[in-house]
Amino acid sequence: MAAMIAGASASGAQLRDNTLYSVGADFKGFDPADSGDTVSAAMISRVYEGLLEYAYLDRPYRAEPRLAEALPEVSDDGLTYTFHLKKGIHFSDDPCFPSGKGREVTAEDFVYSFTRILNPKLESTGDWIFINHVAGAKEWVQAGNLTVKIPGFIAVDRYTLQIKLRQPYPQLIWVLTMPYAFVIPHEAVEYYGVEFRRHPVGTGPYVLKDWRFNYRVEFVKNPTFSGQTYPTTGEFDDRTAGLLEDAGKPLPVLDRIVDYEISEFYTVWQMFVGGQLASTGISKDYFEKVINPQFELSDVLKKRGVRLYKTPNMDLWYIAFNMKDPVVGDSTDPAMATKHRKLRQAFASAIDVPTYCAVIHNNRDTPANTILPPGVAGYTTQPYAYQFDRQRAKQLIAEAGYPNGKDTTGHPLRLTMISAGAGSTDARQQAEFFAEQLRAIGVDLVVQQLSFAEYLRREHDGEAQIVYAGWIIDYPDGQNFMQLLYGPNKAPGVNFCNYQNSEFDRLYEKVLTMQDCPERSALYAQMSDIAIADCPWALLTYSLSYGLFQPWFQNYKPHAFPYPNAKFYKALPH
Amino acid sequence: MIAYILRRIISVAPIALGVLLVTFLLFRVIGGNPAYRIAGKNATPTKITQISHARGYDLPYFLNFEKFPRQLFHAQFPRLAKNILRGNFGESLTSKIRVSQLLRDGVLPSLCVTTPLFFIELILAVGLALVAAYYRDTWIDRSLVVMAVMAMSVSSLVYIMVAQYWLASEWRLLPVWGFEGAQYLVLPVLIGTVAGTGGTLRFYRTVMLDEMYQDYVRTARAKGVSPAKILFSHVLRNALIPILTNVIVALPFLYTGSLLLESFFGIPGLGRLLVSAISNGDEDVIFAETFIGAVLFVLANTLTDIAYTWADPRIRLK
């Protein structure tokens with residue numbers, strides 16, 4: 001393999017035009033209502049836009065207006081958000097419009113688009129951004145009368161949109177940056193019907209030129225895209241990193257983007273080293289060949305000018321205990337509750353997470369220490385309370401009533417964990433690792449690898465005893481994680497582990513209405529401490545993405561929510 | 001013979017439905033309710049119920065005794081079978097595109113790879129088998145056998161990796177990946193031929209050698225018929241039955257495409273569609289491709305039987 005990398009030609013394909021060749025897989029189609037996966041979100045963001053977007057270069061993450069004139073005016077009670085739309089923004093030209101010319105975007109278009117993702121018939125995966133928060137949304141869905149309007153979405157006039165909320169929802173700013181909240185014209189939905197997802201009509205920087213399903217998607221500059229320029233400010237290092245060279249220039253920088261849908265990493269790699277792709281991730285099998293033991297790029301690639309970016313994914317991987325389970329869960333009897341908690345703590349202490357990171361994840365993941373990942377307000381660097389300590393795990397499991405891991409009958413305690421990924425080698429290796437770790441304290445852990453659908457069913461229905469789970473953040477707010485432990489969200493809600501702690505719930509309800517501030521971050525940290533003490537989850541890892549970029553691929557800055565960022569990218573002649 | 005053909009055609013439905021049943025058991029019964037997957041990670045129970053109801057995932061799997069007797073078959077599998085038999089293959093769970101559309105779009109790319117592969121492999125295997133039989137027990141025969149064994153012993157994956165690296169990435173003789181023109185088909189067809197011909201060649205050689213030792217060959221030789229005429233006029237014709245079986249049974253794979261080659265070389269055909277459907281749990285695509293594959297396989301078998309009567313007039317279909 002090393003020879004293959006070393007031997008790969010450095011010249012690459014000749015750039016004939018200002019085009020970026022990129023890679024993705026399993027693209028679903030151009031419907032913002034169905035933009036839940038990263039590939040679809042990125043493709044949709046090439047052609048559609050929303051009211052707000054992330055400031056590309058700024059950290060910590062900050063929302064800024066895109067199709068809105070400014071950030072919204074928020075009423076004193078936090079229940080009404082008023083957006084003034086930019087004037088003169090047009091949908092791209094398309095036969096769905098009577099004259100073929102794209103018409104101007106109005107507030108009614110946002111009302112239509114927001115209402116559409118709540119329509120149960122559409123089965124959108126994004127209805128959660130509004131359904132429990134916007135005034136009248138839940139009732140509208142339940143009533144099923146699609147002809148009436150949702151009271152919470154109001155087009156005050158042609159350029160003024162109001163969103164009325166049921167209770168304060170500071171996260172609204174973040175969810176409005178998501179592709180779910182992008183604006184679409186009703187004419188396109190009506191004109192194309194079921195074919196709408198193959199015929200995008202947006203306001204975004206690009207228009208679709210050609211899409212061959214499961215093969216290739218090609219975008220060219222949208223001639224009617226207007227009014228956005230490359231940012232002129234960023235973080236301290238951005239200028240030295242060359243990220244401000246195009247400051248003030250009109251967007252998009254690239255004329256054309258071609259996304260190939262390549263399913264096999266070997267092929268991706270051959271195309272990347274051949275200069276035919278601008279960037280690539282690194283598969284597990286290639287990691288040690290490409291990245292040296294110091295977690296830097298191998299010399300061969302470094303010499304070619306390839307750049308390595310490590311991006312925290314802002315996620316958490318953990319093992320969740322079903323708190324309703326009679327063995328590992330909570331109990332109304334305080335003595336039993338204590339024993340069960342010690343069993344969970346023993347489980348958490350028994351797993352050698354650093355070795356897990358090394359053996360299963362090439363050390364590219366880091367051991368988790370709090371409920372919130374780094375980069376999210378409320379994250380602290382305090383050590384995890386149940387770091388790997390086998391002696392302590394043995395002691396805790398004895399205190400839990402299972403000396404040497406054996407139950408009262410003298411047999412090893414048998415626990416059952418579910419994970420997704422039936423048939424996958426990675427999932428099997430992971431299952432074997434966990435089983436081995438638990439065997440060392442005398443516990444017999446059975447890991448059932450299920451199809452994704454069946455895994456979700458058991459998780460949602462609270463049927464599993466223990467679940468291997470993960471959560472990738474939707475927006476940079478700790479609430480997105482804390483909701484997973486909020487009592488009223490118990491299964492079949494998102495709190496699949498059925499955790500309930502009155503103090504945690506009280507704090508959650510308090511932070512729910514607070515805007516981002518140091519006091520709120522402190523409360524998140526406090527909530528994390530409460531949950532860790534109760535141990536409904538055994539924390540495992542935060543993951544880190546390793547991406548390789550060609551020297552001629554410029555203006556790239558790692559971003560946890562990178563979907564609309566292609567408009568900033570640049571490909572130098574090479 | 002017509003009665004036989006009719007009987008075989010009638011048998012297509014139960015066999016194909018049997019295959020569909022096994023696929024249904026694997027993906028729906030064991031795989032679980034797809035509504036959980038469709039609903040996404042923040043789904044509410046109401047939404048899962050709505051999706052399950054709208055798509056019929058909340059019905060019993062096979063028989064609906066609650067609605068006995070009028071709607072006994074108002075259940076998941078009978079509904080699926082009914083739709084498929086009517087040619088309604090549903091829509092992809094992930095892309096929401098009609099499966100019939102996906103199948104139509106995928107046929108041509110698959111055929112672009114499988115058709116040349118099929119003919120090249122057939123001509124090469126039969127031709128080389130004849131050569132091996134003609135020069136049996138000489139160095140030519142032995143070399144061909146050794147090469148065939150070597151070719152079939154190496155995994156297709158190795159051919160793909162070596163070819164993509166050397167021929168495409170390193171020497172730039174051919175494209176690594178894509179479906180833009182004839183040059184993009186060279187590598188997949190070449191690899192398919194190398195990986196597939198070995199086994200077929202050995203089979204055909206054995207068949208022909210079996211014939212070479214038959215009494216009629218000895219008689220022909222005794223009568224002074226030239227070895228070439230014996231091989232082409234007598235042996236080849238009598239070896240036709242096993243060759244026909246092999247060839248016609250391979251016909252359905254022209255349609256289903258090559259899973260590995262299409263995935264590695266970016267051919268947007270039905271093989272690649274099936275691989276991505278399996279990895280995404282895209283049931284309707286899997287059901288449709290499996291069902292069509294089963295139908296084609298049974299029809300190909302029937303065609304083989306009919307071809308036997310042409311190849312050997314002693315065979316009568318009853």
# chains A, B, ... in the order shown; residues from 1 in each chain; ligands from 1
>>> residues_around(residues="region 62-67 of chain B", least_positions_apart="4", cutoff="7 Å", atoms="only C-alpha atoms", output="MDAnalysis selection string")
chainID B and resid 71:78
>>> residues_around(residues="Leu450 (chain A)", least_positions_apart="2", cutoff="10 Å", atoms="only C-alpha atoms", output="PyMOL selection string")
(chain A and resi 418-423+427+447-448+452-456+458) or (chain B and resi 30-32)
>>> interface_residues(of="chain A", to="chain B", cutoff="9 Å", atoms="only C-alpha atoms", output="PyMOL selection string")
chain A and resi 4+7-9+26-29+36+120-121+123-128+194-195+197-198+212-216+260-268+270-271+273-274+450-457+460-461+491-494
>>> closest_residue(among="B:Leu274, B:Leu144, B:Val113, B:Leu261", to="Gly199 (chain B)", atoms="only C-alpha atoms")
B:Leu144
>>> closest_residue(among="A:Glu459, A:Glu104, A:Glu49, A:Glu64", to="Tyr206 (chain A)", atoms="only C-alpha atoms")
A:Glu49
>>> atom_distance(atom1="CA of Gly401 (chain A)", atom2="CA of Arg439 (chain A)")
16.6 Å
>>> residues_around(residues="Pro151 (chain A)", least_positions_apart="2", cutoff="7 Å", atoms="only C-alpha atoms", output="list in words")
Ala135, Gly136, Lys149, Phe153 and Ile154 of chain A
>>> write_last_selection(atoms="N, CA, C and O atoms", output="PDB file, in the first residue's frame")
ATOM      1  N   ALA A 135     -46.250  27.702  17.494  1.00  0.00           N
ATOM      2  CA  ALA A 135     -47.637  27.784  17.949  1.00  0.00           C
ATOM      3  C   ALA A 135     -48.579  27.114  16.941  1.00  0.00           C
ATOM      4  O   ALA A 135     -48.548  27.446  15.753  1.00  0.00           O
ATOM      5  N   GLY A 136     -49.336  26.166  17.417  1.00  0.00           N
ATOM      6  CA  GLY A 136     -50.354  25.520  16.584  1.00  0.00           C
ATOM      7  C   GLY A 136     -49.832  24.426  15.668  1.00  0.00           C
ATOM      8  O   GLY A 136     -50.627  23.785  14.970  1.00  0.00           O
ATOM      9  N   LYS A 149     -54.104  27.243   7.800  1.00  0.00           N
ATOM     10  CA  LYS A 149     -52.720  27.683   8.009  1.00  0.00           C
ATOM     11  C   LYS A 149     -52.286  27.408   9.444  1.00  0.00           C
ATOM     12  O   LYS A 149     -53.114  27.359  10.355  1.00  0.00           O
ATOM     13  N   PHE A 153     -46.856  30.440  11.803  1.00  0.00           N
ATOM     14  CA  PHE A 153     -46.110  30.959  10.648  1.00  0.00           C
ATOM     15  C   PHE A 153     -46.940  32.060   9.974  1.00  0.00           C
ATOM     16  O   PHE A 153     -48.013  31.777   9.422  1.00  0.00           O
ATOM     17  N   ILE A 154     -46.468  33.262  10.027  1.00  0.00           N
ATOM     18  CA  ILE A 154     -47.274  34.378   9.511  1.00  0.00           C
ATOM     19  C   ILE A 154     -46.456  35.212   8.518  1.00  0.00           C
ATOM     20  O   ILE A 154     -45.356  35.680   8.850  1.00  0.00           O
TER      21      ILE A 154
END
>>> closest_atom_pairs(of="region 80-164 of chain B", to="region 224-234 of chain B", cutoff="10 Å", atoms="only C-alpha atoms", output="Markdown table")
| residue | atom | partner | partner_atom | distance |
| --- | --- | --- | --- | --- |
| B:Leu130 | CA | B:Leu231 | CA | 7.4 |
| B:Val131 | CA | B:Leu231 | CA | 9.6 |
| B:Ala133 | CA | B:Leu231 | CA | 8.3 |
| B:Tyr134 | CA | B:Leu231 | CA | 7.3 |
>>> residues_around(residues="Ser143 (chain B)", least_positions_apart="4", cutoff="12 Å", atoms="only C-alpha atoms", output="ChimeraX atom specification")
/B:128-129,131-132,135-139,147-150,202
>>> write_last_selection(atoms="all heavy atoms", output="short mmCIF file (atom, residue, chain, number, x, y, z; two decimals), in the first residue's frame")
data_model
loop_
_atom_site.label_atom_id
_atom_site.label_comp_id
_atom_site.auth_asym_id
_atom_site.auth_seq_id
_atom_site.Cartn_x
_atom_site.Cartn_y
_atom_site.Cartn_z
N LEU B 128 -10.97 -21.79 -26.54
CA LEU B 128 -9.81 -22.36 -25.84
C LEU B 128 -10.06 -23.80 -25.41
O LEU B 128 -9.14 -24.62 -25.41
CB LEU B 128 -9.45 -21.49 -24.63
CG LEU B 128 -8.88 -20.11 -24.96
CD1 LEU B 128 -8.66 -19.29 -23.70
CD2 LEU B 128 -7.58 -20.23 -25.74
N ALA B 129 -11.32 -24.12 -25.10
CA ALA B 129 -11.65 -25.50 -24.72
C ALA B 129 -11.44 -26.43 -25.91
O ALA B 129 -10.94 -27.56 -25.77
CB ALA B 129 -13.09 -25.58 -24.21
N VAL B 131 -9.36 -25.87 -28.35
CA VAL B 131 -7.91 -25.99 -28.54
C VAL B 131 -7.35 -27.00 -27.55
O VAL B 131 -6.56 -27.90 -27.91
CB VAL B 131 -7.23 -24.60 -28.36
CG1 VAL B 131 -5.71 -24.74 -28.35
CG2 VAL B 131 -7.68 -23.66 -29.45
N ALA B 132 -7.78 -26.88 -26.28
CA ALA B 132 -7.27 -27.79 -25.25
C ALA B 132 -7.64 -29.24 -25.59
O ALA B 132 -6.82 -30.16 -25.42
CB ALA B 132 -7.83 -27.39 -23.89
N TYR B 135 -5.58 -30.47 -28.54
CA TYR B 135 -4.18 -30.77 -28.18
C TYR B 135 -4.11 -31.45 -26.81
O TYR B 135 -3.22 -31.17 -26.02
CB TYR B 135 -3.36 -29.48 -28.15
CG TYR B 135 -3.20 -28.83 -29.50
CD1 TYR B 135 -3.92 -27.69 -29.84
CD2 TYR B 135 -2.31 -29.37 -30.44
CE1 TYR B 135 -3.78 -27.09 -31.09
CE2 TYR B 135 -2.17 -28.78 -31.68
CZ TYR B 135 -2.91 -27.64 -32.01
OH TYR B 135 -2.76 -27.07 -33.25
N ARG B 136 -5.09 -32.27 -26.52
CA ARG B 136 -5.17 -32.85 -25.17
C ARG B 136 -3.85 -33.57 -24.84
O ARG B 136 -3.21 -34.20 -25.69
CB ARG B 136 -6.37 -33.78 -25.05
CG ARG B 136 -6.32 -35.00 -25.94
CD ARG B 136 -7.64 -35.75 -25.88
NE ARG B 136 -7.62 -36.91 -26.77
CZ ARG B 136 -7.81 -36.84 -28.07
NH1 ARG B 136 -8.02 -35.67 -28.65
NH2 ARG B 136 -7.77 -37.93 -28.81
N ASP B 137 -3.51 -33.43 -23.54
CA ASP B 137 -2.31 -34.06 -22.98
C ASP B 137 -1.00 -33.55 -23.61
O ASP B 137 0.03 -34.22 -23.51
CB ASP B 137 -2.38 -35.58 -23.09
CG ASP B 137 -3.47 -36.15 -22.21
OD1 ASP B 137 -3.79 -35.47 -21.20
OD2 ASP B 137 -4.04 -37.19 -22.55
N THR B 138 -1.06 -32.42 -24.28
CA THR B 138 0.19 -31.82 -24.76
C THR B 138 0.49 -30.61 -23.88
O THR B 138 -0.32 -30.24 -23.01
CB THR B 138 0.06 -31.33 -26.21
OG1 THR B 138 -0.91 -30.27 -26.22
CG2 THR B 138 -0.37 -32.44 -27.15
N TRP B 139 1.61 -29.94 -24.11
CA TRP B 139 1.95 -28.76 -23.29
C TRP B 139 0.93 -27.64 -23.49
O TRP B 139 0.70 -26.84 -22.59
CB TRP B 139 3.38 -28.29 -23.60
CG TRP B 139 3.55 -27.72 -25.00
CD1 TRP B 139 3.89 -28.42 -26.10
CD2 TRP B 139 3.33 -26.37 -25.39
NE1 TRP B 139 3.91 -27.61 -27.20
CE2 TRP B 139 3.59 -26.32 -26.78
CE3 TRP B 139 2.97 -25.21 -24.73
CZ2 TRP B 139 3.47 -25.14 -27.50
CZ3 TRP B 139 2.87 -24.05 -25.46
CH2 TRP B 139 3.12 -24.00 -26.84
N MET B 147 -3.24 -22.05 -16.65
CA MET B 147 -3.65 -20.63 -16.70
C MET B 147 -5.09 -20.46 -16.22
O MET B 147 -5.41 -19.51 -15.50
CB MET B 147 -3.49 -20.09 -18.13
CG MET B 147 -2.05 -19.74 -18.46
SD MET B 147 -1.90 -18.71 -19.91
CE MET B 147 -2.39 -19.80 -21.21
N ALA B 148 -5.93 -21.41 -16.62
CA ALA B 148 -7.34 -21.33 -16.20
C ALA B 148 -7.44 -21.44 -14.68
O ALA B 148 -8.17 -20.68 -14.03
CB ALA B 148 -8.15 -22.45 -16.86
N VAL B 149 -6.69 -22.38 -14.11
CA VAL B 149 -6.74 -22.57 -12.65
C VAL B 149 -6.21 -21.32 -11.95
O VAL B 149 -6.79 -20.84 -10.96
CB VAL B 149 -5.94 -23.83 -12.22
CG1 VAL B 149 -5.81 -23.90 -10.71
CG2 VAL B 149 -6.62 -25.07 -12.75
N MET B 150 -5.13 -20.77 -12.51
CA MET B 150 -4.57 -19.55 -11.90
C MET B 150 -5.58 -18.40 -11.97
O MET B 150 -5.81 -17.70 -10.99
CB MET B 150 -3.28 -19.15 -12.61
CG MET B 150 -2.08 -19.96 -12.14
SD MET B 150 -0.64 -19.69 -13.17
CE MET B 150 -0.33 -17.98 -12.92
N ARG B 202 -12.39 -24.56 -18.09
CA ARG B 202 -12.15 -25.90 -17.54
C ARG B 202 -13.37 -26.78 -17.70
O ARG B 202 -13.29 -27.95 -18.04
CB ARG B 202 -11.77 -25.80 -16.06
CG ARG B 202 -10.37 -25.30 -15.85
CD ARG B 202 -9.94 -25.55 -14.43
NE ARG B 202 -9.81 -26.98 -14.17
CZ ARG B 202 -9.89 -27.51 -12.96
NH1 ARG B 202 -10.11 -26.77 -11.91
NH2 ARG B 202 -9.75 -28.81 -12.78
#
>>> select_by_dssp(residues="region 169-274 of chain B", states="alpha helix (DSSP H)", output="PyMOL selection string")
chain B and resi 183-212+215-222+227-229+236-238+240-256+259-265+270-274
>>> write_last_selection(atoms="C-alpha atoms", output="CSV table (one decimal), in the first residue's frame")
chain,number,residue,atom,x,y,z
B,183,GLN,CA,-13.0,3.3,-22.7
B,184,TYR,CA,-14.6,3.3,-19.3
B,185,LEU,CA,-15.9,-0.2,-20.0
B,186,VAL,CA,-12.5,-1.8,-20.9
B,187,LEU,CA,-11.3,-2.4,-17.4
B,188,PRO,CA,-14.4,-3.9,-16.0
B,189,VAL,CA,-14.9,-6.1,-19.0
B,190,LEU,CA,-11.3,-7.2,-19.0
B,191,ILE,CA,-11.4,-8.1,-15.4
B,192,GLY,CA,-14.7,-9.9,-15.7
B,193,THR,CA,-13.3,-11.9,-18.6
B,194,VAL,CA,-10.1,-12.8,-16.8
B,195,ALA,CA,-11.8,-13.7,-13.6
B,196,GLY,CA,-14.7,-15.6,-15.3
B,197,THR,CA,-13.2,-17.4,-18.2
B,198,GLY,CA,-10.9,-19.8,-16.2
B,199,GLY,CA,-13.7,-21.8,-14.6
B,200,THR,CA,-15.9,-21.9,-17.8
B,201,LEU,CA,-12.9,-23.0,-19.9
B,202,ARG,CA,-12.1,-25.9,-17.5
B,203,PHE,CA,-15.8,-27.0,-17.6
B,204,TYR,CA,-16.1,-26.9,-21.4
B,205,ARG,CA,-12.7,-28.7,-21.8
B,206,THR,CA,-14.0,-31.5,-19.5
B,207,VAL,CA,-17.2,-31.7,-21.5
B,208,MET,CA,-15.4,-31.9,-24.8
B,209,LEU,CA,-12.9,-34.4,-23.5
B,210,ASP,CA,-15.8,-36.6,-22.3
B,211,GLU,CA,-17.1,-36.5,-25.9
B,212,MET,CA,-13.7,-37.2,-27.4
B,215,ASP,CA,-17.6,-44.5,-29.5
B,216,TYR,CA,-18.8,-42.3,-32.3
B,217,VAL,CA,-15.6,-40.3,-32.2
B,218,ARG,CA,-13.6,-43.6,-32.5
B,219,THR,CA,-15.8,-44.7,-35.3
B,220,ALA,CA,-15.3,-41.4,-37.1
B,221,ARG,CA,-11.6,-41.6,-36.7
B,222,ALA,CA,-11.6,-45.2,-38.0
B,227,PRO,CA,-9.5,-34.5,-36.4
B,228,ALA,CA,-10.7,-31.0,-37.1
B,229,LYS,CA,-13.9,-32.2,-38.6
B,236,LEU,CA,-18.9,-29.6,-30.5
B,237,ARG,CA,-22.4,-30.5,-31.5
B,238,ASN,CA,-22.6,-33.2,-28.9
B,240,LEU,CA,-23.8,-28.4,-26.9
B,241,ILE,CA,-26.1,-29.5,-24.2
B,242,PRO,CA,-23.9,-28.7,-21.2
B,243,ILE,CA,-22.6,-25.6,-23.0
B,244,LEU,CA,-26.2,-24.4,-23.6
B,245,THR,CA,-27.1,-25.0,-20.0
B,246,ASN,CA,-24.2,-22.9,-18.9
B,247,VAL,CA,-24.8,-20.2,-21.4
B,248,ILE,CA,-28.6,-19.8,-21.0
B,249,VAL,CA,-28.5,-20.0,-17.2
B,250,ALA,CA,-26.0,-17.1,-17.3
B,251,LEU,CA,-28.5,-15.0,-19.4
B,252,PRO,CA,-30.3,-13.5,-16.3
B,253,PHE,CA,-27.0,-12.1,-15.1
B,254,LEU,CA,-26.9,-9.9,-18.1
B,255,TYR,CA,-29.8,-8.1,-16.6
B,256,THR,CA,-28.8,-8.2,-12.9
B,259,LEU,CA,-22.3,-6.2,-8.1
B,260,LEU,CA,-18.5,-6.0,-7.6
B,261,LEU,CA,-17.5,-4.5,-11.0
B,262,GLU,CA,-20.2,-1.9,-11.0
B,263,SER,CA,-19.5,-0.8,-7.5
B,264,PHE,CA,-15.7,-0.4,-8.0
B,265,PHE,CA,-15.9,1.1,-11.5
B,270,LEU,CA,-28.5,-2.7,-11.4
B,271,GLY,CA,-25.7,-4.5,-9.6
B,272,ARG,CA,-24.6,-1.2,-8.0
B,273,LEU,CA,-28.2,-0.3,-7.3
B,274,LEU,CA,-28.7,-3.6,-5.5
>>> atom_distance(atom1="CA of Glu289 (chain B)", atom2="CA of Asn83 (chain B)")
14.0 Å
>>> atom_distance(atom1="CA of Ala294 (chain B)", atom2="CA of Ala16 (chain B)")
5.2 Å
>>> closest_residue(among="A:Tyr356, A:Phe481, A:Phe321, A:Tyr524", to="Gly378 (chain A)", atoms="only C-alpha atoms")
A:Tyr524
>>> closest_residue(among="A:Asp426, A:Asp31, A:Glu53, A:Asp534", to="Val175 (chain A)", atoms="only C-alpha atoms")
A:Glu53
>>> select_by_dssp(residues="region 119-199 of chain A", states="strand (DSSP E)", output="ChimeraX atom specification")
/A:153-157,160-164
>>> residues_around(residues="Arg392 (chain A)", least_positions_apart="5", cutoff="9 Å", atoms="only C-alpha atoms", output="compact mmCIF listing (two decimals) with all heavy atoms, in the first residue's frame")
# COMPACT_ATOMS: atom_id res chain seq x y z
N ALA A 346 -19.87 -0.05 37.43
CA ALA A 346 -18.89 -1.12 37.23
C ALA A 346 -18.69 -1.37 35.74
O ALA A 346 -17.57 -1.53 35.25
CB ALA A 346 -19.37 -2.39 37.92
N SER A 349 -16.68 1.44 34.28
CA SER A 349 -15.26 1.38 34.69
C SER A 349 -14.53 0.20 34.07
O SER A 349 -13.31 0.19 34.01
CB SER A 349 -15.16 1.26 36.21
OG SER A 349 -15.87 2.28 36.83
N ALA A 350 -15.27 -0.81 33.64
CA ALA A 350 -14.64 -2.03 33.12
C ALA A 350 -14.15 -1.87 31.68
O ALA A 350 -13.37 -2.69 31.21
CB ALA A 350 -15.64 -3.18 33.19
N ILE A 397 -18.81 -4.07 41.15
CA ILE A 397 -19.77 -5.12 40.77
C ILE A 397 -20.05 -6.04 41.97
O ILE A 397 -21.16 -6.56 42.12
CB ILE A 397 -19.31 -5.90 39.52
CG1 ILE A 397 -20.52 -6.59 38.91
CG2 ILE A 397 -18.25 -6.94 39.82
CD1 ILE A 397 -20.53 -6.65 37.44
>>> residues_around(residues="region 471-478 of chain A", least_positions_apart="6", cutoff="8 Å", atoms="only C-alpha atoms", output="list in words")
Tyr61, Gln171, Trp174, Val175, Asn313, Met314, Asp315, Leu316, Trp317, Leu372, Gly375, Val376, Ala377, Gly378, Tyr524 and Phe561 of chain A
>>> residues_around(residues="Ala42 (chain A)", least_positions_apart="3", cutoff="9 Å", atoms="only C-alpha atoms", output="list of chain:residue names")
A:Ser35, A:Asp37, A:Thr38, A:Val39, A:Ser45, A:Arg46, A:Pro179, A:Pro562, A:Tyr563, A:Pro564, A:Asn565, A:Ala566
>>> decode(residues="region 221-254 of chain A", atoms="C-alpha atoms", output="PDB file, in the first residue's frame")
ATOM      1  CA  LYS A 221     -23.028  28.711 -11.137  1.00  0.00           C
ATOM      2  CA  ASN A 222     -26.515  30.119 -10.699  1.00  0.00           C
ATOM      3  CA  PRO A 223     -26.553  33.219 -12.948  1.00  0.00           C
ATOM      4  CA  THR A 224     -29.244  34.837 -10.808  1.00  0.00           C
ATOM      5  CA  PHE A 225     -27.449  34.280  -7.480  1.00  0.00           C
ATOM      6  CA  SER A 226     -26.837  37.606  -5.900  1.00  0.00           C
ATOM      7  CA  GLY A 227     -25.700  39.628  -3.039  1.00  0.00           C
ATOM      8  CA  GLN A 228     -23.229  37.456  -1.204  1.00  0.00           C
ATOM      9  CA  THR A 229     -19.510  38.022  -0.957  1.00  0.00           C
ATOM     10  CA  TYR A 230     -16.652  36.159   0.654  1.00  0.00           C
ATOM     11  CA  PRO A 231     -16.291  37.069   4.367  1.00  0.00           C
ATOM     12  CA  THR A 232     -13.826  39.823   5.179  1.00  0.00           C
ATOM     13  CA  THR A 233     -13.210  38.831   8.791  1.00  0.00           C
ATOM     14  CA  GLY A 234     -12.476  35.584  10.546  1.00  0.00           C
ATOM     15  CA  GLU A 235     -10.439  34.135  13.336  1.00  0.00           C
ATOM     16  CA  PHE A 236      -6.960  35.361  14.178  1.00  0.00           C
ATOM     17  CA  ASP A 237      -5.145  32.676  12.156  1.00  0.00           C
ATOM     18  CA  ASP A 238      -7.379  32.780   9.115  1.00  0.00           C
ATOM     19  CA  ARG A 239      -5.394  35.454   7.297  1.00  0.00           C
ATOM     20  CA  THR A 240      -2.086  33.624   7.686  1.00  0.00           C
ATOM     21  CA  ALA A 241      -3.821  30.427   6.595  1.00  0.00           C
ATOM     22  CA  GLY A 242      -4.774  32.182   3.365  1.00  0.00           C
ATOM     23  CA  LEU A 243      -8.461  31.993   4.146  1.00  0.00           C
ATOM     24  CA  LEU A 244      -9.046  35.696   3.567  1.00  0.00           C
ATOM     25  CA  GLU A 245      -7.403  36.011   0.162  1.00  0.00           C
ATOM     26  CA  ASP A 246     -10.779  36.203  -1.524  1.00  0.00           C
ATOM     27  CA  ALA A 247     -12.308  38.561   1.040  1.00  0.00           C
ATOM     28  CA  GLY A 248     -15.052  40.640  -0.469  1.00  0.00           C
ATOM     29  CA  LYS A 249     -15.161  38.765  -3.767  1.00  0.00           C
ATOM     30  CA  PRO A 250     -18.541  37.695  -5.080  1.00  0.00           C
ATOM     31  CA  LEU A 251     -19.673  34.155  -4.360  1.00  0.00           C
ATOM     32  CA  PRO A 252     -19.591  31.416  -5.432  1.00  0.00           C
ATOM     33  CA  VAL A 253     -15.880  31.221  -6.172  1.00  0.00           C
ATOM     34  CA  LEU A 254     -16.086  28.027  -8.231  1.00  0.00           C
TER      35      LEU A 254
END
